[in-house]
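**Student:** Structure: coords-v9.cif, mmCIF, N, CA and C atoms and all ligand atoms.
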data_coords
#
loop_
_atom_site.label_atom_id
_atom_site.label_comp_id
_atom_site.auth_asym_id
_atom_site.auth_seq_id
_atom_site.Cartn_x
_atom_site.Cartn_y
_atom_site.Cartn_z
N MET A 1163 2.23 30.03 -4.74
CA MET A 1163 1.27 28.95 -4.59
C MET A 1163 0.92 28.78 -3.11
N SER A 1164 -0.36 28.60 -2.83
CA SER A 1164 -0.77 28.43 -1.45
C SER A 1164 -1.06 26.97 -1.16
N GLY A 1165 -1.55 26.72 0.04
CA GLY A 1165 -1.89 25.35 0.41
C GLY A 1165 -0.80 24.71 1.22
N ARG A 1166 -1.21 23.74 2.00
CA ARG A 1166 -0.23 23.10 2.87
C ARG A 1166 0.71 22.21 2.06
N ALA A 1167 1.87 22.02 2.62
CA ALA A 1167 2.84 21.15 1.96
C ALA A 1167 2.34 19.72 2.04
N ALA A 1168 2.52 19.01 0.98
CA ALA A 1168 2.08 17.61 0.96
C ALA A 1168 2.95 16.78 1.90
N THR A 1169 2.31 15.86 2.57
CA THR A 1169 3.07 14.93 3.39
C THR A 1169 3.54 13.83 2.47
N VAL A 1170 4.77 13.91 2.11
CA VAL A 1170 5.30 12.96 1.15
C VAL A 1170 5.51 11.60 1.78
N LEU A 1171 6.01 11.59 2.98
CA LEU A 1171 6.27 10.34 3.68
C LEU A 1171 5.78 10.45 5.12
N PRO A 1172 5.57 9.41 5.84
CA PRO A 1172 5.70 8.04 5.39
C PRO A 1172 4.36 7.47 4.93
N PRO A 1173 4.41 6.47 4.06
CA PRO A 1173 3.17 5.79 3.71
C PRO A 1173 2.64 5.04 4.92
N SER A 1174 3.51 4.54 5.73
CA SER A 1174 3.10 3.94 6.99
C SER A 1174 4.32 3.90 7.91
N ARG A 1175 4.06 4.18 9.19
CA ARG A 1175 5.15 4.25 10.15
C ARG A 1175 5.87 2.90 10.27
N ALA A 1176 5.08 1.85 10.28
CA ALA A 1176 5.67 0.51 10.43
C ALA A 1176 6.60 0.20 9.26
N LEU A 1177 6.17 0.63 8.09
CA LEU A 1177 6.96 0.37 6.90
C LEU A 1177 8.26 1.18 6.93
N MET A 1178 8.14 2.44 7.28
CA MET A 1178 9.31 3.31 7.26
C MET A 1178 10.34 2.92 8.32
N SER A 1179 9.88 2.28 9.39
CA SER A 1179 10.83 1.87 10.42
C SER A 1179 11.75 0.78 9.87
N GLN A 1180 11.34 0.15 8.79
CA GLN A 1180 12.15 -0.92 8.20
C GLN A 1180 12.89 -0.47 6.95
N ALA A 1181 12.59 0.71 6.47
CA ALA A 1181 13.17 1.15 5.20
C ALA A 1181 14.65 1.52 5.37
N ARG A 1182 15.43 1.14 4.36
CA ARG A 1182 16.84 1.52 4.33
C ARG A 1182 17.10 2.32 3.06
N THR A 1183 18.19 3.04 3.07
CA THR A 1183 18.60 3.80 1.89
C THR A 1183 17.46 4.62 1.33
N LEU A 1184 16.82 5.35 2.20
CA LEU A 1184 15.68 6.17 1.79
C LEU A 1184 16.15 7.41 1.03
N VAL A 1185 15.57 7.61 -0.15
CA VAL A 1185 15.83 8.84 -0.90
C VAL A 1185 14.49 9.56 -1.02
N ASP A 1186 14.43 10.73 -0.45
CA ASP A 1186 13.20 11.51 -0.43
C ASP A 1186 13.27 12.57 -1.53
N TYR A 1187 12.28 12.57 -2.40
CA TYR A 1187 12.28 13.50 -3.53
C TYR A 1187 11.37 14.70 -3.30
N ALA A 1188 11.04 14.96 -2.04
CA ALA A 1188 10.12 16.05 -1.71
C ALA A 1188 10.64 17.40 -2.21
N LEU A 1189 11.93 17.60 -2.09
CA LEU A 1189 12.51 18.88 -2.49
C LEU A 1189 12.42 19.07 -4.01
N VAL A 1190 12.70 18.03 -4.74
CA VAL A 1190 12.61 18.08 -6.20
C VAL A 1190 11.17 18.34 -6.62
N ARG A 1191 10.26 17.66 -5.93
CA ARG A 1191 8.83 17.83 -6.21
C ARG A 1191 8.42 19.29 -5.99
N ARG A 1192 8.84 19.83 -4.87
CA ARG A 1192 8.49 21.21 -4.53
C ARG A 1192 9.05 22.17 -5.59
N ARG A 1193 10.28 21.93 -6.00
CA ARG A 1193 10.90 22.79 -7.01
C ARG A 1193 10.13 22.73 -8.33
N THR A 1194 9.74 21.53 -8.70
CA THR A 1194 8.97 21.34 -9.93
C THR A 1194 7.67 22.12 -9.87
N LEU A 1195 6.98 22.00 -8.74
CA LEU A 1195 5.68 22.68 -8.59
C LEU A 1195 5.84 24.19 -8.55
N THR A 1196 6.93 24.64 -7.95
CA THR A 1196 7.21 26.08 -7.90
C THR A 1196 7.47 26.61 -9.31
N SER A 1197 8.25 25.87 -10.07
CA SER A 1197 8.54 26.26 -11.46
C SER A 1197 7.27 26.31 -12.29
N TYR A 1198 6.41 25.33 -12.06
CA TYR A 1198 5.15 25.29 -12.79
C TYR A 1198 4.29 26.51 -12.43
N ALA A 1199 4.19 26.79 -11.14
CA ALA A 1199 3.37 27.91 -10.67
C ALA A 1199 3.90 29.24 -11.20
N ALA A 1200 5.22 29.32 -11.39
CA ALA A 1200 5.84 30.55 -11.87
C ALA A 1200 5.81 30.64 -13.39
N GLY A 1201 5.27 29.62 -14.04
CA GLY A 1201 5.16 29.64 -15.49
C GLY A 1201 6.42 29.22 -16.22
N ARG A 1202 7.39 28.68 -15.48
CA ARG A 1202 8.64 28.26 -16.11
C ARG A 1202 8.56 26.84 -16.66
N LEU A 1203 7.51 26.13 -16.26
CA LEU A 1203 7.33 24.75 -16.73
C LEU A 1203 5.90 24.61 -17.24
N PRO A 1204 5.74 24.20 -18.49
CA PRO A 1204 4.38 24.00 -19.00
C PRO A 1204 3.75 22.74 -18.39
N ALA A 1205 2.43 22.75 -18.26
CA ALA A 1205 1.73 21.62 -17.66
C ALA A 1205 2.05 20.32 -18.41
N GLY A 1206 2.23 20.44 -19.74
CA GLY A 1206 2.51 19.25 -20.52
C GLY A 1206 3.79 18.54 -20.10
N ASP A 1207 4.70 19.30 -19.50
CA ASP A 1207 5.97 18.70 -19.08
C ASP A 1207 5.85 17.94 -17.76
N ILE A 1208 4.88 18.31 -16.97
CA ILE A 1208 4.78 17.67 -15.65
C ILE A 1208 3.55 16.78 -15.53
N CYS A 1209 2.59 16.96 -16.42
CA CYS A 1209 1.38 16.12 -16.39
C CYS A 1209 1.46 15.15 -17.55
N ASP A 1210 2.37 14.20 -17.43
CA ASP A 1210 2.68 13.34 -18.56
C ASP A 1210 2.65 11.85 -18.18
N ALA A 1211 1.80 11.50 -17.22
CA ALA A 1211 1.72 10.09 -16.82
C ALA A 1211 1.38 9.23 -18.03
N GLN A 1212 2.15 8.19 -18.21
CA GLN A 1212 1.93 7.27 -19.33
C GLN A 1212 0.76 6.34 -19.02
N PRO A 1213 0.20 5.74 -20.06
CA PRO A 1213 -0.96 4.87 -19.85
C PRO A 1213 -0.73 3.77 -18.80
N TYR A 1214 0.47 3.17 -18.78
CA TYR A 1214 0.70 2.08 -17.81
C TYR A 1214 0.68 2.61 -16.38
N LEU A 1215 1.15 3.85 -16.21
CA LEU A 1215 1.13 4.43 -14.86
C LEU A 1215 -0.31 4.78 -14.44
N LEU A 1216 -1.08 5.30 -15.39
CA LEU A 1216 -2.48 5.63 -15.09
C LEU A 1216 -3.26 4.35 -14.76
N ARG A 1217 -2.94 3.27 -15.46
CA ARG A 1217 -3.61 2.00 -15.20
C ARG A 1217 -3.23 1.49 -13.81
N ALA A 1218 -1.94 1.60 -13.47
CA ALA A 1218 -1.49 1.17 -12.14
C ALA A 1218 -2.15 2.02 -11.07
N ALA A 1219 -2.29 3.31 -11.35
CA ALA A 1219 -2.93 4.22 -10.38
C ALA A 1219 -4.38 3.83 -10.18
N ARG A 1220 -5.00 3.42 -11.25
CA ARG A 1220 -6.41 3.06 -11.18
C ARG A 1220 -6.63 1.79 -10.37
N TYR A 1221 -5.77 0.80 -10.59
CA TYR A 1221 -5.99 -0.50 -9.95
C TYR A 1221 -5.20 -0.70 -8.66
N HIS A 1222 -4.08 -0.04 -8.52
CA HIS A 1222 -3.23 -0.25 -7.34
C HIS A 1222 -3.01 1.03 -6.54
N GLY A 1223 -3.51 2.14 -7.03
CA GLY A 1223 -3.28 3.41 -6.35
C GLY A 1223 -3.94 3.45 -4.98
N GLU A 1224 -3.22 4.02 -4.02
CA GLU A 1224 -3.76 4.14 -2.67
C GLU A 1224 -4.09 5.60 -2.40
N ALA A 1225 -5.26 5.82 -1.84
CA ALA A 1225 -5.73 7.18 -1.57
C ALA A 1225 -4.76 7.91 -0.65
N THR A 1226 -4.58 9.20 -0.91
CA THR A 1226 -3.69 9.99 -0.07
C THR A 1226 -4.45 11.03 0.75
N GLY A 1227 -5.67 11.35 0.31
CA GLY A 1227 -6.43 12.39 0.98
C GLY A 1227 -5.92 13.78 0.59
N GLU A 1228 -4.99 13.81 -0.38
CA GLU A 1228 -4.42 15.09 -0.80
C GLU A 1228 -4.91 15.45 -2.19
N GLU A 1229 -5.24 16.70 -2.34
CA GLU A 1229 -5.69 17.20 -3.63
C GLU A 1229 -4.50 17.37 -4.57
N CYS A 1230 -4.75 17.17 -5.84
CA CYS A 1230 -3.68 17.35 -6.82
C CYS A 1230 -3.19 18.80 -6.77
N PRO A 1231 -1.87 19.00 -6.66
CA PRO A 1231 -1.33 20.36 -6.55
C PRO A 1231 -1.35 21.11 -7.89
N VAL A 1232 -1.67 20.42 -8.96
CA VAL A 1232 -1.66 21.06 -10.28
C VAL A 1232 -3.08 21.44 -10.73
N CYS A 1233 -3.97 20.47 -10.78
CA CYS A 1233 -5.32 20.76 -11.30
C CYS A 1233 -6.33 21.06 -10.19
N HIS A 1234 -6.05 20.62 -8.98
CA HIS A 1234 -6.96 20.83 -7.84
C HIS A 1234 -8.34 20.23 -8.07
N ARG A 1235 -8.43 19.25 -8.94
CA ARG A 1235 -9.72 18.64 -9.24
C ARG A 1235 -9.86 17.23 -8.68
N ALA A 1236 -8.74 16.57 -8.45
CA ALA A 1236 -8.81 15.16 -8.06
C ALA A 1236 -7.88 14.88 -6.90
N GLU A 1237 -8.12 13.75 -6.28
CA GLU A 1237 -7.27 13.32 -5.17
C GLU A 1237 -6.08 12.54 -5.72
N LEU A 1238 -4.92 12.80 -5.16
CA LEU A 1238 -3.73 12.05 -5.58
C LEU A 1238 -3.79 10.63 -5.05
N VAL A 1239 -3.24 9.72 -5.81
CA VAL A 1239 -3.05 8.36 -5.31
C VAL A 1239 -1.56 8.04 -5.39
N ARG A 1240 -1.16 7.07 -4.60
CA ARG A 1240 0.24 6.63 -4.62
C ARG A 1240 0.34 5.22 -5.13
N VAL A 1241 1.38 4.99 -5.90
CA VAL A 1241 1.64 3.66 -6.42
C VAL A 1241 3.05 3.25 -5.99
N ASN A 1242 3.18 2.05 -5.46
CA ASN A 1242 4.49 1.52 -5.05
C ASN A 1242 4.97 0.51 -6.08
N TYR A 1243 6.03 0.86 -6.78
CA TYR A 1243 6.63 -0.08 -7.71
C TYR A 1243 7.76 -0.80 -6.99
N THR A 1244 7.84 -2.10 -7.21
CA THR A 1244 8.85 -2.90 -6.50
C THR A 1244 9.78 -3.59 -7.48
N TYR A 1245 11.06 -3.46 -7.19
CA TYR A 1245 12.10 -4.06 -8.03
C TYR A 1245 13.12 -4.80 -7.17
N GLY A 1246 13.55 -5.95 -7.63
CA GLY A 1246 14.59 -6.67 -6.91
C GLY A 1246 14.86 -8.01 -7.55
N ASP A 1247 16.07 -8.53 -7.28
CA ASP A 1247 16.45 -9.84 -7.81
C ASP A 1247 15.59 -10.94 -7.19
N CYS A 1248 14.97 -10.64 -6.06
CA CYS A 1248 14.18 -11.66 -5.36
C CYS A 1248 12.84 -11.92 -6.06
N PHE A 1249 12.49 -11.07 -7.00
CA PHE A 1249 11.23 -11.27 -7.71
C PHE A 1249 11.47 -12.03 -9.01
N ARG A 1250 10.48 -12.81 -9.40
CA ARG A 1250 10.54 -13.43 -10.72
C ARG A 1250 10.55 -12.33 -11.77
N ALA A 1251 11.17 -12.62 -12.91
CA ALA A 1251 11.31 -11.61 -13.96
C ALA A 1251 9.97 -10.98 -14.32
N ASP A 1252 8.94 -11.80 -14.41
CA ASP A 1252 7.63 -11.28 -14.82
C ASP A 1252 6.93 -10.51 -13.70
N ALA A 1253 7.46 -10.59 -12.49
CA ALA A 1253 6.86 -9.86 -11.37
C ALA A 1253 7.70 -8.66 -10.95
N ASN A 1254 8.87 -8.54 -11.57
CA ASN A 1254 9.76 -7.42 -11.23
C ASN A 1254 9.14 -6.13 -11.77
N GLY A 1255 9.08 -5.11 -10.93
CA GLY A 1255 8.49 -3.85 -11.37
C GLY A 1255 6.99 -3.79 -11.13
N ARG A 1256 6.46 -4.77 -10.44
CA ARG A 1256 5.02 -4.80 -10.18
C ARG A 1256 4.63 -3.76 -9.13
N ALA A 1257 3.43 -3.22 -9.30
CA ALA A 1257 2.88 -2.30 -8.30
C ALA A 1257 2.27 -3.13 -7.18
N ARG A 1258 2.57 -2.73 -5.94
CA ARG A 1258 2.06 -3.49 -4.80
C ARG A 1258 1.50 -2.56 -3.73
N ALA A 1259 0.52 -3.09 -3.01
CA ALA A 1259 -0.10 -2.32 -1.93
C ALA A 1259 0.88 -2.16 -0.77
N THR A 1260 0.75 -1.07 -0.04
CA THR A 1260 1.62 -0.81 1.11
C THR A 1260 1.56 -1.97 2.11
N GLY A 1261 0.37 -2.49 2.32
CA GLY A 1261 0.21 -3.61 3.26
C GLY A 1261 1.00 -4.83 2.83
N GLU A 1262 1.07 -5.05 1.55
CA GLU A 1262 1.80 -6.19 1.03
C GLU A 1262 3.32 -6.00 1.21
N LEU A 1263 3.76 -4.77 1.14
CA LEU A 1263 5.20 -4.48 1.27
C LEU A 1263 5.73 -4.92 2.63
N LEU A 1264 4.92 -4.68 3.66
CA LEU A 1264 5.35 -5.06 5.01
C LEU A 1264 5.59 -6.56 5.12
N GLY A 1265 4.67 -7.33 4.54
CA GLY A 1265 4.82 -8.78 4.57
C GLY A 1265 6.06 -9.21 3.81
N LEU A 1266 6.26 -8.63 2.64
CA LEU A 1266 7.42 -8.99 1.81
C LEU A 1266 8.73 -8.59 2.48
N ALA A 1267 8.70 -7.47 3.20
CA ALA A 1267 9.91 -6.97 3.87
C ALA A 1267 10.42 -7.97 4.90
N GLY A 1268 9.52 -8.74 5.47
CA GLY A 1268 9.93 -9.72 6.46
C GLY A 1268 10.30 -11.06 5.86
N GLU A 1269 10.07 -11.20 4.57
CA GLU A 1269 10.25 -12.47 3.90
C GLU A 1269 11.42 -12.50 2.93
N LEU A 1270 11.58 -11.41 2.20
CA LEU A 1270 12.56 -11.37 1.11
C LEU A 1270 13.84 -10.68 1.56
N SER A 1271 14.94 -10.99 0.85
CA SER A 1271 16.23 -10.45 1.25
C SER A 1271 16.34 -8.94 1.00
N GLU A 1272 16.01 -8.52 -0.22
CA GLU A 1272 16.17 -7.09 -0.52
C GLU A 1272 15.43 -6.71 -1.79
N PHE A 1273 14.67 -5.65 -1.70
CA PHE A 1273 14.03 -5.10 -2.89
C PHE A 1273 13.84 -3.60 -2.71
N THR A 1274 13.72 -2.90 -3.83
CA THR A 1274 13.60 -1.45 -3.79
C THR A 1274 12.18 -1.03 -4.16
N VAL A 1275 11.67 -0.08 -3.42
CA VAL A 1275 10.33 0.45 -3.66
C VAL A 1275 10.46 1.87 -4.21
N PHE A 1276 9.76 2.12 -5.30
CA PHE A 1276 9.66 3.48 -5.84
C PHE A 1276 8.22 3.92 -5.66
N CYS A 1277 8.04 4.94 -4.84
CA CYS A 1277 6.70 5.42 -4.53
C CYS A 1277 6.40 6.65 -5.39
N VAL A 1278 5.36 6.54 -6.21
CA VAL A 1278 5.03 7.60 -7.17
C VAL A 1278 3.62 8.11 -6.87
N GLU A 1279 3.44 9.43 -6.92
CA GLU A 1279 2.08 9.96 -6.77
C GLU A 1279 1.55 10.31 -8.16
N VAL A 1280 0.26 10.10 -8.31
CA VAL A 1280 -0.37 10.29 -9.62
C VAL A 1280 -1.72 10.97 -9.46
N CYS A 1281 -2.00 11.89 -10.38
CA CYS A 1281 -3.34 12.45 -10.50
C CYS A 1281 -3.95 11.84 -11.76
N GLN A 1282 -5.07 11.17 -11.59
CA GLN A 1282 -5.69 10.50 -12.72
C GLN A 1282 -6.49 11.47 -13.57
N ASP A 1283 -6.63 12.68 -13.11
CA ASP A 1283 -7.37 13.69 -13.87
C ASP A 1283 -6.45 14.41 -14.85
N CYS A 1284 -5.42 15.11 -14.31
CA CYS A 1284 -4.55 15.91 -15.20
C CYS A 1284 -3.26 15.18 -15.59
N ARG A 1285 -3.04 13.99 -14.99
CA ARG A 1285 -1.88 13.15 -15.28
C ARG A 1285 -0.57 13.65 -14.65
N TRP A 1286 -0.69 14.55 -13.67
CA TRP A 1286 0.50 14.92 -12.89
C TRP A 1286 1.04 13.65 -12.23
N ASN A 1287 2.36 13.53 -12.22
CA ASN A 1287 2.97 12.40 -11.52
C ASN A 1287 4.36 12.79 -11.09
N HIS A 1288 4.76 12.26 -9.94
CA HIS A 1288 6.10 12.58 -9.45
C HIS A 1288 6.59 11.47 -8.53
N LEU A 1289 7.86 11.17 -8.64
CA LEU A 1289 8.47 10.22 -7.72
C LEU A 1289 8.57 10.89 -6.35
N LEU A 1290 8.05 10.21 -5.33
CA LEU A 1290 8.09 10.77 -3.98
C LEU A 1290 9.30 10.29 -3.21
N ALA A 1291 9.57 9.01 -3.34
CA ALA A 1291 10.67 8.44 -2.56
C ALA A 1291 11.03 7.08 -3.11
N SER A 1292 12.25 6.68 -2.83
CA SER A 1292 12.64 5.30 -3.08
C SER A 1292 13.32 4.81 -1.82
N TYR A 1293 13.14 3.55 -1.53
CA TYR A 1293 13.75 2.97 -0.33
C TYR A 1293 13.89 1.47 -0.50
N VAL A 1294 14.78 0.92 0.31
CA VAL A 1294 15.06 -0.50 0.24
C VAL A 1294 14.42 -1.20 1.43
N LEU A 1295 13.77 -2.31 1.16
CA LEU A 1295 13.17 -3.13 2.21
C LEU A 1295 13.72 -4.55 2.10
N GLY A 1296 13.51 -5.31 3.15
CA GLY A 1296 13.92 -6.71 3.14
C GLY A 1296 14.70 -7.05 4.38
N THR A 1297 14.95 -8.33 4.53
CA THR A 1297 15.62 -8.82 5.72
C THR A 1297 17.12 -8.53 5.70
N GLY A 1298 17.65 -8.30 4.49
CA GLY A 1298 19.08 -8.03 4.36
C GLY A 1298 19.93 -9.30 4.32
N GLU A 1299 19.25 -10.44 4.38
CA GLU A 1299 19.99 -11.71 4.32
C GLU A 1299 20.60 -11.91 2.95
N ARG A 1300 21.77 -12.51 2.98
CA ARG A 1300 22.48 -12.75 1.71
C ARG A 1300 21.96 -14.01 1.02
N VAL A 1301 21.39 -14.88 1.82
CA VAL A 1301 20.93 -16.18 1.30
C VAL A 1301 19.88 -15.97 0.22
N GLY A 1302 20.12 -16.59 -0.93
CA GLY A 1302 19.16 -16.49 -2.02
C GLY A 1302 17.90 -17.25 -1.67
N ARG A 1303 16.79 -16.63 -1.96
CA ARG A 1303 15.52 -17.29 -1.70
C ARG A 1303 14.78 -17.50 -3.00
N ARG A 1304 13.81 -18.31 -2.93
CA ARG A 1304 12.99 -18.57 -4.08
C ARG A 1304 12.34 -17.27 -4.56
N ALA A 1305 12.40 -17.06 -5.85
CA ALA A 1305 11.83 -15.83 -6.39
C ALA A 1305 10.32 -15.80 -6.18
N ARG A 1306 9.84 -14.62 -5.86
CA ARG A 1306 8.42 -14.44 -5.59
C ARG A 1306 7.66 -13.93 -6.79
N SER A 1307 6.42 -14.27 -6.79
CA SER A 1307 5.58 -13.74 -7.85
C SER A 1307 5.18 -12.32 -7.51
ZN ZN A 1401 -4.33 16.84 -11.28
#
Taking this structure as input, can you express it in the form of structure tokens?
**Tutor:**
Amino acid sequence: MSGRAATVLPPSRALMSQARTLVDYALVRRRTLTSYAAGRLPAGDICDAQPYLLRAARYHGEATGEECPVCHRAELVRVNYTYGDCFRADANGRARATGELLGLAGELSEFTVFCVEVCQDCRWNHLLASYVLGTGERVGRRARS
């Protein structure tokens, strides 16, 4: 497979300077794409974005400027899913814009971000990274929407 390697991280330098417990899935992603290119993985196994993820990509996806490595027809978008005890139950797992994460990181004690890339054309999707943001304070704060 040709083409430049995707820049998996960072979504923003300011954000990454605050991230803790970063797990980068770039290697897993590369392995998956290599297996696909070699014919060891059918497209159906890797292009399986569920409707809720496609909807999140449509409404909350952020442009990456990168072409989909599978279909080469569409631009990938990234979706940040946020989980943490600091969120209200109905807001836990919500997709949020990168800009919003920075604000929350300075306000909330601790939450985890799962950054997923999605192609809305062929439904390729892959977890890019997970990381923890927040002030790290132990004090419980009012749950956020
Ligand atoms: Zn695609």
**Student:** Please check which protein, DNA or RNA residues sit within 8 Å of ligand ZN 1401 (chain A), counting all atoms listed in the file, and write them as an MDAnalysis selection string.
**Tutor:** chainID A and resid 1209 1229:1238 1280:1287
**Student:** So which residues touch Ala1259 in chain A within 7 Å, counting only C-alpha atoms, skipping near sequence neighbours fewer than 4 positions away, as a PyMOL selection string?
**Tutor:** chain A and resi 1222+1242+1263
**Student:** Please write as a ChimeraX atom specification the list of polymer residues whose atoms come within 6.5 Å of (15.7, -10.6, 7.5), counting all atoms listed in the file and keeping to the coordinates of the file.
**Tutor:** /A:1267-1271,1296-1299
**Student:** Report the residues of chain A whose backbone DSSP state falls under strand (DSSP E or B), written as a PyMOL selection string.
**Tutor:** chain A and resi 1182-1186+1224-1229+1237-1245+1249+1256-1258+1273-1280+1287-1295+1306
**Student:** Report the distance between atom C of Asp1252 in chain A and CA of Ile1208 in chain A in Å, rounded to one decimal place.
**Tutor:**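 One can read the atom C of Asp1252 in chain A to CA of Ile1208 in chain A distance as 28.3 Å.
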**Student:** Please report the interatomic distance between atom N of Leu1189 in chain A and atom C of Leu1295 in chain A in Å with one decimal.
**Tutor:**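 Between these atoms lies a distance of 22.6 Å.
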**Student:** Counting only N, CA and C atoms, figure out which residue out of A:Ala1188, A:Thr1183, A:Asp1210, A:Arg1175 gets nearest to Leu1289 in chain A.
**Tutor:**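 Among the listed residues, the smallest separation from Leu1289 in chain A belongs to A:Ala1188.
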**Student:** Quick check, in Å to one decimal: how far apart do atom N of Gly1265 in chain A and CA of Leu1177 in chain A lie?
**Tutor:**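 Between atom N of Gly1265 in chain A and CA of Leu1177 in chain A the gap works out to 8.4 Å.
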**Student:** How would range 1202-1221 of chain A look written as a PDB file, in the first residue's frame with N, CA and C atoms?
**Tutor:**
ATOM      1  N   ARG A1202      -5.989 -10.345   3.634  1.00  0.00           N
ATOM      2  CA  ARG A1202      -6.229 -11.223   4.781  1.00  0.00           C
ATOM      3  C   ARG A1202      -7.451 -10.794   5.590  1.00  0.00           C
ATOM      4  N   LEU A1203      -7.939  -9.593   5.304  1.00  0.00           N
ATOM      5  CA  LEU A1203      -9.115  -9.085   6.012  1.00  0.00           C
ATOM      6  C   LEU A1203     -10.103  -8.570   4.976  1.00  0.00           C
ATOM      7  N   PRO A1204     -11.328  -9.090   4.990  1.00  0.00           N
ATOM      8  CA  PRO A1204     -12.319  -8.578   4.041  1.00  0.00           C
ATOM      9  C   PRO A1204     -12.793  -7.181   4.451  1.00  0.00           C
ATOM     10  N   ALA A1205     -13.182  -6.382   3.469  1.00  0.00           N
ATOM     11  CA  ALA A1205     -13.626  -5.020   3.737  1.00  0.00           C
ATOM     12  C   ALA A1205     -14.780  -5.002   4.741  1.00  0.00           C
ATOM     13  N   GLY A1206     -15.637  -6.040   4.657  1.00  0.00           N
ATOM     14  CA  GLY A1206     -16.777  -6.085   5.566  1.00  0.00           C
ATOM     15  C   GLY A1206     -16.378  -6.135   7.031  1.00  0.00           C
ATOM     16  N   ASP A1207     -15.170  -6.631   7.289  1.00  0.00           N
ATOM     17  CA  ASP A1207     -14.708  -6.731   8.675  1.00  0.00           C
ATOM     18  C   ASP A1207     -14.190  -5.407   9.219  1.00  0.00           C
ATOM     19  N   ILE A1208     -13.757  -4.546   8.330  1.00  0.00           N
ATOM     20  CA  ILE A1208     -13.164  -3.293   8.811  1.00  0.00           C
ATOM     21  C   ILE A1208     -14.028  -2.076   8.479  1.00  0.00           C
ATOM     22  N   CYS A1209     -14.954  -2.237   7.543  1.00  0.00           N
ATOM     23  CA  CYS A1209     -15.839  -1.121   7.183  1.00  0.00           C
ATOM     24  C   CYS A1209     -17.211  -1.423   7.747  1.00  0.00           C
ATOM     25  N   ASP A1210     -17.302  -1.337   9.061  1.00  0.00           N
ATOM     26  CA  ASP A1210     -18.506  -1.801   9.744  1.00  0.00           C
ATOM     27  C   ASP A1210     -19.059  -0.761  10.722  1.00  0.00           C
ATOM     28  N   ALA A1211     -18.855   0.513  10.416  1.00  0.00           N
ATOM     29  CA  ALA A1211     -19.361   1.562  11.310  1.00  0.00           C
ATOM     30  C   ALA A1211     -20.866   1.402  11.489  1.00  0.00           C
ATOM     31  N   GLN A1212     -21.291   1.407  12.726  1.00  0.00           N
ATOM     32  CA  GLN A1212     -22.706   1.267  13.044  1.00  0.00           C
ATOM     33  C   GLN A1212     -23.428   2.592  12.799  1.00  0.00           C
ATOM     34  N   PRO A1213     -24.746   2.523  12.653  1.00  0.00           N
ATOM     35  CA  PRO A1213     -25.504   3.755  12.372  1.00  0.00           C
ATOM     36  C   PRO A1213     -25.241   4.889  13.367  1.00  0.00           C
ATOM     37  N   TYR A1214     -25.105   4.565  14.663  1.00  0.00           N
ATOM     38  CA  TYR A1214     -24.899   5.641  15.650  1.00  0.00           C
ATOM     39  C   TYR A1214     -23.550   6.319  15.441  1.00  0.00           C
ATOM     40  N   LEU A1215     -22.560   5.533  15.004  1.00  0.00           N
ATOM     41  CA  LEU A1215     -21.242   6.126  14.752  1.00  0.00           C
ATOM     42  C   LEU A1215     -21.271   6.995  13.489  1.00  0.00           C
ATOM     43  N   LEU A1216     -21.983   6.520  12.477  1.00  0.00           N
ATOM     44  CA  LEU A1216     -22.100   7.305  11.240  1.00  0.00           C
ATOM     45  C   LEU A1216     -22.848   8.620  11.517  1.00  0.00           C
ATOM     46  N   ARG A1217     -23.847   8.541  12.385  1.00  0.00           N
ATOM     47  CA  ARG A1217     -24.598   9.741  12.735  1.00  0.00           C
ATOM     48  C   ARG A1217     -23.703  10.722  13.500  1.00  0.00           C
ATOM     49  N   ALA A1218     -22.915  10.184  14.436  1.00  0.00           N
ATOM     50  CA  ALA A1218     -21.991  11.036  15.192  1.00  0.00           C
ATOM     51  C   ALA A1218     -20.965  11.657  14.253  1.00  0.00           C
ATOM     52  N   ALA A1219     -20.509  10.872  13.281  1.00  0.00           N
ATOM     53  CA  ALA A1219     -19.529  11.381  12.313  1.00  0.00           C
ATOM     54  C   ALA A1219     -20.133  12.510  11.492  1.00  0.00           C
ATOM     55  N   ARG A1220     -21.390  12.357  11.182  1.00  0.00           N
ATOM     56  CA  ARG A1220     -22.063  13.354  10.356  1.00  0.00           C
ATOM     57  C   ARG A1220     -22.238  14.673  11.103  1.00  0.00           C
ATOM     58  N   TYR A1221     -22.631  14.581  12.375  1.00  0.00           N
ATOM     59  CA  TYR A1221     -22.952  15.796  13.122  1.00  0.00           C
ATOM     60  C   TYR A1221     -21.807  16.322  13.984  1.00  0.00           C
TER      61      TYR A1221
END
